[in-house]
$ cat my_file_36.pdb   # PDB, C-alpha atoms
ATOM      1  CA  MET H   1      73.418 -76.764 -76.929
ATOM      2  CA  ALA H   2      70.004 -76.208 -75.332
ATOM      3  CA  ASP H   3      71.597 -74.098 -72.597
ATOM      4  CA  GLU H   4      73.363 -72.013 -75.251
ATOM      5  CA  LYS H   5      70.047 -71.325 -77.065
ATOM      6  CA  ILE H   6      68.400 -70.270 -73.813
ATOM      7  CA  SER H   7      71.333 -67.982 -73.048
ATOM      8  CA  MET H   8      71.230 -66.355 -76.494
ATOM      9  CA  ALA H   9      67.447 -65.921 -76.258
ATOM     10  CA  SER H  10      67.808 -64.095 -72.965
ATOM     11  CA  ILE H  11      70.526 -61.851 -74.422
ATOM     12  CA  LYS H  12      68.202 -60.964 -77.314
ATOM     13  CA  GLU H  13      65.408 -60.083 -74.901
ATOM     14  CA  VAL H  14      67.704 -57.847 -72.859
ATOM     15  CA  LEU H  15      69.262 -56.146 -75.903
ATOM     16  CA  LEU H  16      66.257 -55.640 -78.172
ATOM     17  CA  HIS H  17      62.848 -54.068 -77.601
ATOM     18  CA  GLU H  18      60.481 -55.813 -80.052
ATOM     19  CA  VAL H  19      58.111 -53.554 -81.977
ATOM     20  CA  GLN H  20      56.616 -56.057 -84.426
ATOM     21  CA  PRO H  21      57.373 -59.566 -85.785
ATOM     22  CA  LEU H  22      59.473 -60.003 -88.922
ATOM     23  CA  GLU H  23      57.715 -60.489 -92.288
ATOM     24  CA  ARG H  24      58.898 -61.101 -95.853
ATOM     25  CA  PRO H  25      59.133 -58.140 -98.267
ATOM     26  CA  PRO H  26      56.663 -57.648-101.153
ATOM     27  CA  ALA H  27      57.585 -56.333-104.646
ATOM     28  CA  ALA H  28      59.606 -53.126-104.816
ATOM     29  CA  LYS H  29      57.995 -49.833-105.791
ATOM     30  CA  VAL H  30      59.154 -46.568-104.270
ATOM     31  CA  THR H  31      57.530 -43.150-104.398
ATOM     32  CA  VAL H  32      59.400 -39.891-103.842
ATOM     33  CA  VAL H  33      57.211 -36.904-103.008
ATOM     34  CA  GLY H  34      58.947 -33.632-103.840
ATOM     35  CA  VAL H  35      61.383 -33.229-106.741
ATOM     36  CA  GLY H  36      63.561 -30.540-105.232
ATOM     37  CA  GLN H  37      67.273 -30.984-104.589
ATOM     38  CA  VAL H  38      66.786 -33.493-101.740
ATOM     39  CA  GLY H  39      64.033 -35.449-103.470
ATOM     40  CA  MET H  40      66.016 -35.874-106.657
ATOM     41  CA  ALA H  41      69.176 -36.831-104.777
ATOM     42  CA  CYS H  42      67.117 -39.561-103.084
ATOM     43  CA  ALA H  43      65.509 -40.662-106.360
ATOM     44  CA  TYR H  44      68.815 -40.716-108.235
ATOM     45  CA  SER H  45      70.621 -42.641-105.486
ATOM     46  CA  ILE H  46      67.833 -45.232-105.264
ATOM     47  CA  LEU H  47      67.682 -45.643-109.049
ATOM     48  CA  GLN H  48      71.470 -45.857-109.402
ATOM     49  CA  GLN H  49      71.630 -48.756-106.942
ATOM     50  CA  GLY H  50      69.112 -50.792-108.935
ATOM     51  CA  LEU H  51      66.910 -51.295-105.887
ATOM     52  CA  ILE H  52      63.480 -51.031-107.484
ATOM     53  CA  GLY H  53      61.292 -52.073-110.367
ATOM     54  CA  GLU H  54      59.252 -48.861-110.358
ATOM     55  CA  LEU H  55      59.841 -45.300-109.221
ATOM     56  CA  ALA H  56      57.022 -42.779-108.886
ATOM     57  CA  LEU H  57      57.668 -39.046-108.573
ATOM     58  CA  VAL H  58      55.062 -36.587-107.282
ATOM     59  CA  ASP H  59      55.172 -32.811-107.047
ATOM     60  CA  CYS H  60      52.808 -29.870-107.443
ATOM     61  CA  VAL H  61      55.040 -28.068-109.995
ATOM     62  CA  GLU H  62      54.183 -29.812-113.247
ATOM     63  CA  ASP H  63      56.963 -28.463-115.504
ATOM     64  CA  LYS H  64      59.718 -29.241-112.997
ATOM     65  CA  LEU H  65      58.239 -32.701-112.470
ATOM     66  CA  LYS H  66      58.123 -33.455-116.208
ATOM     67  CA  GLY H  67      61.683 -32.233-116.696
ATOM     68  CA  GLU H  68      63.053 -34.403-113.901
ATOM     69  CA  LEU H  69      61.106 -37.399-115.217
ATOM     70  CA  MET H  70      62.525 -37.044-118.720
ATOM     71  CA  ASP H  71      66.052 -36.505-117.416
ATOM     72  CA  LEU H  72      65.960 -39.711-115.369
ATOM     73  CA  GLN H  73      64.271 -41.718-118.128
ATOM     74  CA  HIS H  74      67.007 -40.782-120.584
ATOM     75  CA  GLY H  75      69.534 -42.427-118.300
ATOM     76  CA  LEU H  76      67.720 -45.762-118.046
ATOM     77  CA  ALA H  77      70.036 -47.307-120.651
ATOM     78  CA  PHE H  78      72.794 -47.052-118.046
ATOM     79  CA  THR H  79      70.895 -48.527-115.075
ATOM     80  CA  ARG H  80      69.126 -51.758-114.251
ATOM     81  CA  PRO H  81      65.656 -52.025-115.827
ATOM     82  CA  ALA H  82      63.083 -49.857-114.067
ATOM     83  CA  THR H  83      59.896 -47.969-114.833
ATOM     84  CA  ILE H  84      59.759 -44.285-113.891
ATOM     85  CA  LYS H  85      56.476 -42.409-113.694
ATOM     86  CA  ALA H  86      55.627 -38.904-112.556
ATOM     87  CA  SER H  87      52.415 -37.010-111.939
ATOM     88  CA  THR H  88      50.775 -34.327-109.858
ATOM     89  CA  ASP H  89      48.038 -36.931-109.245
ATOM     90  CA  TYR H  90      48.793 -39.217-106.288
ATOM     91  CA  ALA H  91      47.172 -42.144-108.106
ATOM     92  CA  VAL H  92      50.602 -42.705-109.666
ATOM     93  CA  THR H  93      51.862 -43.799-106.224
ATOM     94  CA  ALA H  94      49.448 -46.736-105.908
ATOM     95  CA  GLY H  95      51.011 -49.906-104.546
ATOM     96  CA  SER H  96      54.193 -48.305-103.213
ATOM     97  CA  HIS H  97      56.198 -50.312-100.718
ATOM     98  CA  ILE H  98      57.938 -47.176 -99.467
ATOM     99  CA  CYS H  99      56.906 -43.525 -99.838
ATOM    100  CA  VAL H 100      59.727 -41.065 -99.249
ATOM    101  CA  ILE H 101      58.453 -37.603 -98.319
ATOM    102  CA  THR H 102      60.890 -34.785 -99.096
ATOM    103  CA  ALA H 103      58.339 -32.077 -99.918
ATOM    104  CA  GLY H 104      57.984 -28.930 -97.874
ATOM    105  CA  CYS H 105      59.409 -25.496 -97.324
ATOM    106  CA  ARG H 106      63.186 -25.355 -97.646
ATOM    107  CA  GLN H 107      65.250 -24.420 -94.632
ATOM    108  CA  ARG H 108      66.511 -20.847 -94.967
ATOM    109  CA  GLU H 109      70.026 -19.742 -94.122
ATOM    110  CA  GLY H 110      70.282 -19.305 -90.345
ATOM    111  CA  GLU H 111      66.861 -20.868 -89.765
ATOM    112  CA  THR H 112      66.590 -23.756 -87.303
ATOM    113  CA  ARG H 113      64.834 -26.931 -88.401
ATOM    114  CA  LEU H 114      62.188 -26.499 -85.714
ATOM    115  CA  SER H 115      61.137 -23.065 -86.982
ATOM    116  CA  LEU H 116      60.056 -24.772 -90.206
ATOM    117  CA  VAL H 117      57.444 -26.904 -88.530
ATOM    118  CA  GLN H 118      54.154 -25.019 -88.801
ATOM    119  CA  ARG H 119      54.915 -24.008 -92.387
ATOM    120  CA  ASN H 120      55.243 -27.660 -93.289
ATOM    121  CA  VAL H 121      52.350 -29.117 -91.274
ATOM    122  CA  GLU H 122      49.785 -27.732 -93.716
ATOM    123  CA  ILE H 123      51.662 -29.224 -96.664
ATOM    124  CA  PHE H 124      51.744 -32.640 -94.987
ATOM    125  CA  SER H 125      48.018 -32.446 -94.257
ATOM    126  CA  ASP H 126      47.485 -32.631 -98.011
ATOM    127  CA  ILE H 127      50.205 -35.188 -98.859
ATOM    128  CA  VAL H 128      49.945 -37.930 -96.233
ATOM    129  CA  PRO H 129      46.256 -38.945 -96.536
ATOM    130  CA  LYS H 130      46.646 -39.289-100.322
ATOM    131  CA  LEU H 131      49.677 -41.554 -99.993
ATOM    132  CA  VAL H 132      47.872 -43.823 -97.535
ATOM    133  CA  LYS H 133      44.747 -43.864 -99.709
ATOM    134  CA  TYR H 134      46.641 -45.321-102.665
ATOM    135  CA  SER H 135      49.169 -47.410-100.690
ATOM    136  CA  PRO H 136      47.520 -48.491 -97.416
ATOM    137  CA  HIS H 137      50.302 -50.992 -96.657
ATOM    138  CA  THR H 138      53.173 -48.633 -97.377
ATOM    139  CA  LEU H 139      56.116 -47.675 -95.206
ATOM    140  CA  LEU H 140      56.301 -43.880 -94.845
ATOM    141  CA  LEU H 141      59.816 -42.416 -94.657
ATOM    142  CA  VAL H 142      59.877 -38.719 -93.739
ATOM    143  CA  VAL H 143      62.925 -36.693 -94.785
ATOM    144  CA  SER H 144      61.544 -33.132 -94.695
ATOM    145  CA  ASN H 145      62.634 -30.935 -91.785
ATOM    146  CA  PRO H 146      62.066 -30.647 -88.920
ATOM    147  CA  VAL H 147      62.047 -34.401 -89.453
ATOM    148  CA  ASP H 148      61.189 -35.561 -85.918
ATOM    149  CA  VAL H 149      58.117 -33.374 -85.497
ATOM    150  CA  LEU H 150      56.994 -34.019 -89.080
ATOM    151  CA  THR H 151      57.331 -37.774 -88.527
ATOM    152  CA  TYR H 152      55.005 -37.386 -85.539
ATOM    153  CA  VAL H 153      52.645 -35.310 -87.736
ATOM    154  CA  THR H 154      52.771 -37.983 -90.460
ATOM    155  CA  TRP H 155      51.959 -40.712 -87.924
ATOM    156  CA  LYS H 156      48.943 -38.756 -86.681
ATOM    157  CA  LEU H 157      47.692 -37.936 -90.187
ATOM    158  CA  SER H 158      48.258 -41.402 -91.638
ATOM    159  CA  GLY H 159      46.531 -43.596 -89.071
ATOM    160  CA  LEU H 160      49.296 -46.172 -89.653
ATOM    161  CA  PRO H 161      51.011 -48.021 -86.802
ATOM    162  CA  ALA H 162      54.065 -46.180 -85.502
ATOM    163  CA  GLU H 163      56.499 -48.847 -86.702
ATOM    164  CA  ARG H 164      55.541 -48.072 -90.323
ATOM    165  CA  VAL H 165      56.096 -44.316 -90.007
ATOM    166  CA  ILE H 166      59.767 -43.438 -89.662
ATOM    167  CA  GLY H 167      61.978 -40.410 -90.106
ATOM    168  CA  SER H 168      65.459 -40.273 -91.634
ATOM    169  CA  GLY H 169      66.366 -38.811 -88.243
ATOM    170  CA  THR H 170      70.003 -38.828 -87.173
ATOM    171  CA  ASN H 171      71.151 -41.479 -89.634
ATOM    172  CA  LEU H 172      73.065 -38.794 -91.535
ATOM    173  CA  ASP H 173      74.179 -37.109 -88.293
ATOM    174  CA  SER H 174      75.667 -40.434 -87.198
ATOM    175  CA  ALA H 175      77.466 -40.733 -90.549
ATOM    176  CA  ARG H 176      78.862 -37.213 -90.101
ATOM    177  CA  PHE H 177      79.923 -38.191 -86.597
ATOM    178  CA  ARG H 178      81.787 -41.245 -87.897
ATOM    179  CA  PHE H 179      83.427 -39.202 -90.660
ATOM    180  CA  LEU H 180      84.691 -36.642 -88.163
ATOM    181  CA  LEU H 181      85.908 -39.359 -85.811
ATOM    182  CA  GLY H 182      87.773 -40.991 -88.689
ATOM    183  CA  GLU H 183      89.249 -37.655 -89.687
ATOM    184  CA  GLN H 184      90.480 -37.063 -86.133
ATOM    185  CA  LEU H 185      91.935 -40.573 -85.732
ATOM    186  CA  ASN H 186      93.127 -40.966 -89.355
ATOM    187  CA  LEU H 187      90.922 -44.051 -89.792
ATOM    188  CA  ALA H 188      88.215 -45.019 -92.277
ATOM    189  CA  PRO H 189      84.781 -43.771 -91.085
ATOM    190  CA  SER H 190      83.431 -47.303 -91.507
ATOM    191  CA  ASN H 191      85.774 -48.460 -88.734
ATOM    192  CA  CYS H 192      84.735 -45.731 -86.285
ATOM    193  CA  HIS H 193      81.538 -46.708 -84.503
ATOM    194  CA  GLY H 194      79.430 -44.048 -82.851
ATOM    195  CA  TRP H 195      75.845 -42.848 -82.694
ATOM    196  CA  ILE H 196      74.024 -39.548 -82.616
ATOM    197  CA  VAL H 197      70.566 -39.997 -81.085
ATOM    198  CA  GLY H 198      67.659 -37.744 -80.127
ATOM    199  CA  GLU H 199      66.598 -34.792 -82.230
ATOM    200  CA  HIS H 200      67.924 -34.300 -85.739
ATOM    201  CA  GLY H 201      68.988 -30.834 -84.735
ATOM    202  CA  ASP H 202      70.482 -28.686 -82.033
ATOM    203  CA  SER H 203      69.505 -30.885 -79.059
ATOM    204  CA  SER H 204      70.948 -34.090 -80.509
ATOM    205  CA  VAL H 205      72.915 -36.382 -78.198
ATOM    206  CA  ALA H 206      76.351 -37.776 -79.061
ATOM    207  CA  VAL H 207      76.667 -41.173 -77.377
ATOM    208  CA  TRP H 208      80.315 -40.842 -76.397
ATOM    209  CA  SER H 209      79.962 -43.636 -73.856
ATOM    210  CA  GLY H 210      79.614 -46.096 -76.742
ATOM    211  CA  VAL H 211      82.104 -44.736 -79.294
ATOM    212  CA  ASN H 212      84.556 -47.489 -80.180
ATOM    213  CA  VAL H 213      87.199 -48.584 -82.655
ATOM    214  CA  ALA H 214      87.632 -52.343 -83.135
ATOM    215  CA  GLY H 215      85.772 -52.929 -79.887
ATOM    216  CA  VAL H 216      87.938 -50.496 -77.909
ATOM    217  CA  THR H 217      85.583 -48.019 -76.223
ATOM    218  CA  LEU H 218      87.251 -44.620 -76.252
ATOM    219  CA  SER H 219      85.689 -43.584 -72.937
ATOM    220  CA  THR H 220      87.692 -46.336 -71.204
ATOM    221  CA  LEU H 221      91.028 -44.919 -72.339
ATOM    222  CA  GLY H 222      90.995 -42.204 -69.675
ATOM    223  CA  PRO H 223      91.232 -38.422 -70.072
ATOM    224  CA  ALA H 224      95.015 -38.532 -70.388
ATOM    225  CA  ALA H 225      94.847 -40.729 -73.506
ATOM    226  CA  ILE H 226      93.649 -37.940 -75.790
ATOM    227  CA  GLU H 227      94.968 -34.428 -75.397
ATOM    228  CA  GLY H 228      92.142 -32.034 -74.534
ATOM    229  CA  GLU H 229      89.621 -34.902 -74.669
ATOM    230  CA  LEU H 230      86.573 -32.943 -73.501
ATOM    231  CA  LYS H 231      87.277 -30.118 -75.916
ATOM    232  CA  TRP H 232      87.798 -32.669 -78.704
ATOM    233  CA  GLU H 233      84.428 -34.267 -77.997
ATOM    234  CA  GLU H 234      82.631 -30.921 -77.855
ATOM    235  CA  GLN H 235      84.200 -29.761 -81.127
ATOM    236  CA  ILE H 236      83.209 -32.886 -83.034
ATOM    237  CA  HIS H 237      79.610 -32.833 -81.801
ATOM    238  CA  ARG H 238      79.364 -29.121 -82.566
ATOM    239  CA  LYS H 239      80.586 -29.799 -86.121
ATOM    240  CA  VAL H 240      77.953 -32.510 -86.527
ATOM    241  CA  ILE H 241      75.205 -30.075 -85.501
ATOM    242  CA  GLU H 242      76.535 -27.188 -87.604
ATOM    243  CA  SER H 243      77.318 -29.203 -90.747
ATOM    244  CA  ALA H 244      73.942 -28.689 -92.414
ATOM    245  CA  TYR H 245      73.921 -24.975 -91.604
ATOM    246  CA  ASP H 246      77.414 -24.621 -93.091
ATOM    247  CA  ILE H 247      76.477 -26.478 -96.275
ATOM    248  CA  ILE H 248      73.299 -24.425 -96.703
ATOM    249  CA  LYS H 249      75.329 -21.247 -96.287
ATOM    250  CA  LEU H 250      77.881 -22.408 -98.864
ATOM    251  CA  LYS H 251      75.688 -24.001-101.565
ATOM    252  CA  GLY H 252      72.111 -23.136-100.589
ATOM    253  CA  TYR H 253      70.898 -26.625 -99.659
ATOM    254  CA  THR H 254      72.030 -30.105 -98.640
ATOM    255  CA  SER H 255      71.397 -32.990-101.028
ATOM    256  CA  TRP H 256      73.954 -35.675-101.814
ATOM    257  CA  ALA H 257      74.656 -37.041 -98.342
ATOM    258  CA  ILE H 258      70.982 -37.154 -97.347
ATOM    259  CA  GLY H 259      70.188 -38.798-100.694
ATOM    260  CA  LEU H 260      72.738 -41.538-100.002
ATOM    261  CA  SER H 261      71.479 -41.938 -96.429
ATOM    262  CA  VAL H 262      67.882 -42.359 -97.619
ATOM    263  CA  MET H 263      69.005 -44.812-100.310
ATOM    264  CA  HIS H 264      70.710 -46.925 -97.658
ATOM    265  CA  ILE H 265      67.570 -46.939 -95.479
ATOM    266  CA  VAL H 266      65.355 -47.841 -98.457
ATOM    267  CA  GLN H 267      67.790 -50.583 -99.474
ATOM    268  CA  GLY H 268      67.723 -52.055 -95.984
ATOM    269  CA  ALA H 269      63.925 -52.127 -95.907
ATOM    270  CA  LEU H 270      63.402 -53.488 -99.414
ATOM    271  CA  HIS H 271      65.974 -56.261 -98.963
ATOM    272  CA  ASN H 272      64.900 -56.958 -95.367
ATOM    273  CA  ARG H 273      68.548 -56.745 -94.307
ATOM    274  CA  ARG H 274      67.889 -56.208 -90.601
ATOM    275  CA  HIS H 275      70.434 -53.411 -90.456
ATOM    276  CA  VAL H 276      70.448 -50.968 -87.545
ATOM    277  CA  TYR H 277      69.854 -47.322 -88.481
ATOM    278  CA  ALA H 278      69.477 -44.167 -86.392
ATOM    279  CA  LEU H 279      65.836 -43.521 -87.283
ATOM    280  CA  SER H 280      63.204 -41.237 -85.833
ATOM    281  CA  THR H 281      60.615 -43.427 -84.119
ATOM    282  CA  ASN H 282      58.070 -43.263 -81.308
ATOM    283  CA  CYS H 283      60.202 -43.398 -78.146
ATOM    284  CA  ARG H 284      57.434 -43.800 -75.578
ATOM    285  CA  GLY H 285      58.536 -46.253 -72.885
ATOM    286  CA  ILE H 286      62.230 -46.121 -73.779
ATOM    287  CA  HIS H 287      64.914 -44.343 -71.683
ATOM    288  CA  GLY H 288      62.253 -42.932 -69.370
ATOM    289  CA  ILE H 289      60.328 -41.090 -72.100
ATOM    290  CA  ASP H 290      56.622 -41.248 -71.240
ATOM    291  CA  ALA H 291      55.050 -39.375 -74.172
ATOM    292  CA  ASP H 292      54.486 -40.069 -77.874
ATOM    293  CA  VAL H 293      57.608 -38.287 -79.088
ATOM    294  CA  PHE H 294      59.516 -39.172 -82.227
ATOM    295  CA  LEU H 295      63.287 -39.107 -81.750
ATOM    296  CA  SER H 296      66.144 -41.087 -83.252
ATOM    297  CA  LEU H 297      67.383 -44.271 -81.629
ATOM    298  CA  PRO H 298      69.205 -47.261 -83.167
ATOM    299  CA  CYS H 299      66.408 -49.187 -84.884
ATOM    300  CA  VAL H 300      66.333 -52.589 -86.564
ATOM    301  CA  LEU H 301      64.616 -52.099 -89.915
ATOM    302  CA  GLY H 302      62.684 -54.861 -91.675
ATOM    303  CA  SER H 303      60.577 -54.912 -94.821
ATOM    304  CA  HIS H 304      57.498 -53.601 -92.991
ATOM    305  CA  GLY H 305      59.199 -51.031 -90.814
ATOM    306  CA  ILE H 306      60.916 -51.027 -87.465
ATOM    307  CA  THR H 307      60.954 -54.381 -85.684
ATOM    308  CA  HIS H 308      63.189 -53.575 -82.702
ATOM    309  CA  VAL H 309      64.858 -50.652 -80.940
ATOM    310  CA  VAL H 310      68.326 -51.345 -79.564
ATOM    311  CA  LYS H 311      68.366 -50.498 -75.849
ATOM    312  CA  GLN H 312      71.675 -48.647 -75.596
ATOM    313  CA  ASN H 313      73.568 -48.486 -72.316
ATOM    314  CA  LEU H 314      73.450 -44.692 -72.092
ATOM    315  CA  ASN H 315      75.120 -43.033 -69.146
ATOM    316  CA  GLU H 316      73.173 -40.750 -66.813
ATOM    317  CA  VAL H 317      74.152 -37.550 -68.629
ATOM    318  CA  GLU H 318      73.147 -38.955 -72.017
ATOM    319  CA  VAL H 319      69.763 -40.127 -70.685
ATOM    320  CA  LEU H 320      69.064 -36.674 -69.237
ATOM    321  CA  GLN H 321      70.062 -35.025 -72.532
ATOM    322  CA  LEU H 322      67.765 -37.373 -74.469
ATOM    323  CA  GLN H 323      64.869 -36.706 -72.098
ATOM    324  CA  LYS H 324      65.451 -32.956 -72.419
ATOM    325  CA  SER H 325      65.369 -33.276 -76.210
ATOM    326  CA  ALA H 326      62.126 -35.273 -75.965
ATOM    327  CA  LYS H 327      60.555 -32.656 -73.704
ATOM    328  CA  GLN H 328      61.380 -29.829 -76.132
ATOM    329  CA  LEU H 329      59.884 -31.676 -79.086
ATOM    330  CA  HIS H 330      56.798 -32.708 -77.104
ATOM    331  CA  GLU H 331      56.111 -29.061 -76.285
ATOM    332  CA  ILE H 332      56.271 -28.201 -79.989
ATOM    333  CA  GLN H 333      53.970 -31.104 -80.869
ATOM    334  CA  GLN H 334      51.433 -29.889 -78.302
ATOM    335  CA  SER H 335      51.287 -26.499 -80.016
ATOM    336  CA  LEU H 336      50.578 -27.879 -83.496
ATOM    337  CA  LYS H 337      47.253 -27.495 -85.254
ATOM    338  CA  LEU H 338      46.564 -30.817 -87.001
TER     339      LEU H 338
END

$ encode --input "my_file_36.pdb" --output "structure tokens"
Amino acid sequence: MADEKISMASIKEVLLHEVQPLERPPAAKVTVVGVGQVGMACAYSILQQGLIGELALVDCVEDKLKGELMDLQHGLAFTRPATIKASTDYAVTAGSHICVITAGCRQREGETRLSLVQRNVEIFSDIVPKLVKYSPHTLLLVVSNPVDVLTYVTWKLSGLPAERVIGSGTNLDSARFRFLLGEQLNLAPSNCHGWIVGEHGDSSVAVWSGVNVAGVTLSTLGPAAIEGELKWEEQIHRKVIESAYDIIKLKGYTSWAIGLSVMHIVQGALHNRRHVYALSTNCRGIHGIDADVFLSLPCVLGSHGITHVVKQNLNEVEVLQLQKSAKQLHEIQQSLKL
């Protein structure tokens, strides 16, 4: 029995990179900054799941904010008990366990996420210090695009440890990946296991070396097993990257899927479930990245933020792609005026 414990401990050390020790969660209050389409999809999804005792909404457009507040409050008879408050004053956010930041300029049709960055940095310079002032022990979850760079910006502006500043990253990209895999194989997405890592954007990395169904790694089946395998892989990854652009072109914005993704992340943190999510985090020292760059990797999420990063067995091509993605984002970070 002692030998078994030693063996399992060594496996844990090899598999997981510890970021901080595990702690118990405090009471649940969540703030959502920005009551646009994404912010309200997040707020509605969180409220519908009965995850919280209090929800605070913040925005600079007072009429829109009041309207969204009233609309949600009128539905409280159909949800678990909760208090909903809204204000343009950040004092309403005091004592938040998690602050979800969705505010910022909306991505325009045909515009890349990275081209949004400087327009949104100034907005974050106003938001982030106020959130930390009223909730110094909060977990900051950045959803606004470009999410990786803005998570880095939030970390710098907040003064919080990196493990408490996370981005929604490629959690949704990974869900899209699993959906498309399931569609191709005629299986439920929940039974198709695969990860998108790196940038939430055009330089994302599909970890094909780890894609599996019921423990069967597809890369071990051989090129003859799937007709036009390389083309199939390229098409699926391309669809993952282009999905948001297609939705924006068709309906003007994305909302429901990102709202559900954020809800799942918030749920995992509040309940301390120790789930693994593809979150944007500081990747320095992992996979040969030697700068403070925020990219998505599989992260273990606890009540006070990221506790571990899963050290995936990436192949050489995937490592090079991830490093290239990190280099591109680092160059953008260097050009920012904070």

$ closest_residue --input "my_file_36.pdb" --among "H:Ile236, H:Met263, H:Leu116, H:Val92" --to "Gln184 (chain H)" --atoms "all atoms listed in the file"
H:Ile236

$ resolve_selection --input "my_file_36.pdb" --expression "the PyMOL selection byres ((chain H and resi 315-326) around 12)" --output "ChimeraX atom specification"
/H:148-149,195-210,219,280-297,311-314,327-333

$ resolve_selection --input "my_file_36.pdb" --expression "the PyMOL selection byres ((chain H and resi 275) around 9)" --output "ChimeraX atom specification"
/H:265,268-269,272-274,276-277,299-302

$ residues_around --input "my_file_36.pdb" --residues "region 59-75 of chain H" --least-positions-apart "5" --cutoff "8 Å" --atoms "only C-alpha atoms" --output "VMD selection string"
chain H and resid 33 to 35 40 44 84 to 88 103

$ resolve_selection --input "my_file_36.pdb" --expression "the PyMOL selection byres ((chain H and resi 16) around 8)" --output "list in words"
Lys12, Glu13, Val14, Leu15, His17, Glu18, His308, Val309, Val310 and Lys311 of chain H

$ atom_distance --input "my_file_36.pdb" --atom1 "CA of Phe177 (chain H)" --atom2 "CA of Gly39 (chain H)"
23.3 Å

$ closest_residue --input "my_file_36.pdb" --among "H:Val117, H:Ala82, H:Cys42, H:Ala188" --to "Leu336 (chain H)" --atoms "all atoms listed in the file"
H:Val117

$ residues_around --input "my_file_36.pdb" --residues "Pro161 (chain H)" --least-positions-apart "3" --cutoff "12 Å" --atoms "only C-alpha atoms" --output "PyMOL selection string"
chain H and resi 19-20+132+136-140+152+154-158+164-166+281-282+304-307

$ residues_around --input "my_file_36.pdb" --residues "Tyr253 (chain H)" --least-positions-apart "6" --cutoff "12 Å" --atoms "all atoms listed in the file" --output "PDB file with C-alpha atoms, in the coordinates of the input"
ATOM      1  CA  GLY H  36      63.561 -30.540-105.232  1.00  0.00           C
ATOM      2  CA  GLN H  37      67.273 -30.984-104.589  1.00  0.00           C
ATOM      3  CA  VAL H  38      66.786 -33.493-101.740  1.00  0.00           C
ATOM      4  CA  GLY H  39      64.033 -35.449-103.470  1.00  0.00           C
ATOM      5  CA  ALA H  41      69.176 -36.831-104.777  1.00  0.00           C
ATOM      6  CA  CYS H 105      59.409 -25.496 -97.324  1.00  0.00           C
ATOM      7  CA  ARG H 106      63.186 -25.355 -97.646  1.00  0.00           C
ATOM      8  CA  GLN H 107      65.250 -24.420 -94.632  1.00  0.00           C
ATOM      9  CA  ARG H 108      66.511 -20.847 -94.967  1.00  0.00           C
ATOM     10  CA  GLU H 109      70.026 -19.742 -94.122  1.00  0.00           C
ATOM     11  CA  GLY H 110      70.282 -19.305 -90.345  1.00  0.00           C
ATOM     12  CA  SER H 243      77.318 -29.203 -90.747  1.00  0.00           C
ATOM     13  CA  ALA H 244      73.942 -28.689 -92.414  1.00  0.00           C
ATOM     14  CA  TYR H 245      73.921 -24.975 -91.604  1.00  0.00           C
ATOM     15  CA  ASP H 246      77.414 -24.621 -93.091  1.00  0.00           C
ATOM     16  CA  ILE H 247      76.477 -26.478 -96.275  1.00  0.00           C
TER      17      ILE H 247
END

$ closest_residue --input "my_file_36.pdb" --among "H:Leu76, H:Leu270, H:Val262, H:Val58" --to "Val142 (chain H)" --atoms "all atoms listed in the file"
H:Val262

$ atom_distance --input "my_file_36.pdb" --atom1 "CA of Leu185 (chain H)" --atom2 "CA of Ala278 (chain H)"
22.8 Å

$ atom_distance --input "my_file_36.pdb" --atom1 "CA of Ile98 (chain H)" --atom2 "CA of Thr170 (chain H)"
19.1 Å

$ residues_around --input "my_file_36.pdb" --residues "Val213 (chain H)" --least-positions-apart "4" --cutoff "7 Å" --atoms "all atoms listed in the file" --output "short mmCIF file (atom, residue, chain, number, x, y, z; two decimals) with C-alpha atoms, in the frame of the given file"
data_model
loop_
_atom_site.label_atom_id
_atom_site.label_comp_id
_atom_site.auth_asym_id
_atom_site.auth_seq_id
_atom_site.Cartn_x
_atom_site.Cartn_y
_atom_site.Cartn_z
CA ASN H 191 85.77 -48.46 -88.73
CA CYS H 192 84.74 -45.73 -86.28
CA HIS H 193 81.54 -46.71 -84.50
CA THR H 217 85.58 -48.02 -76.22
#

$ closest_residue --input "my_file_36.pdb" --among "H:Thr151, H:Gln235, H:Ile46, H:Leu218" --to "Glu163 (chain H)" --atoms "all atoms listed in the file"
H:Thr151

$ residues_around --input "my_file_36.pdb" --residues "Ser125 (chain H)" --least-positions-apart "4" --cutoff "9 Å" --atoms "all atoms listed in the file" --output "PyMOL selection string"
chain H and resi 120-121+129+153-154+157+338
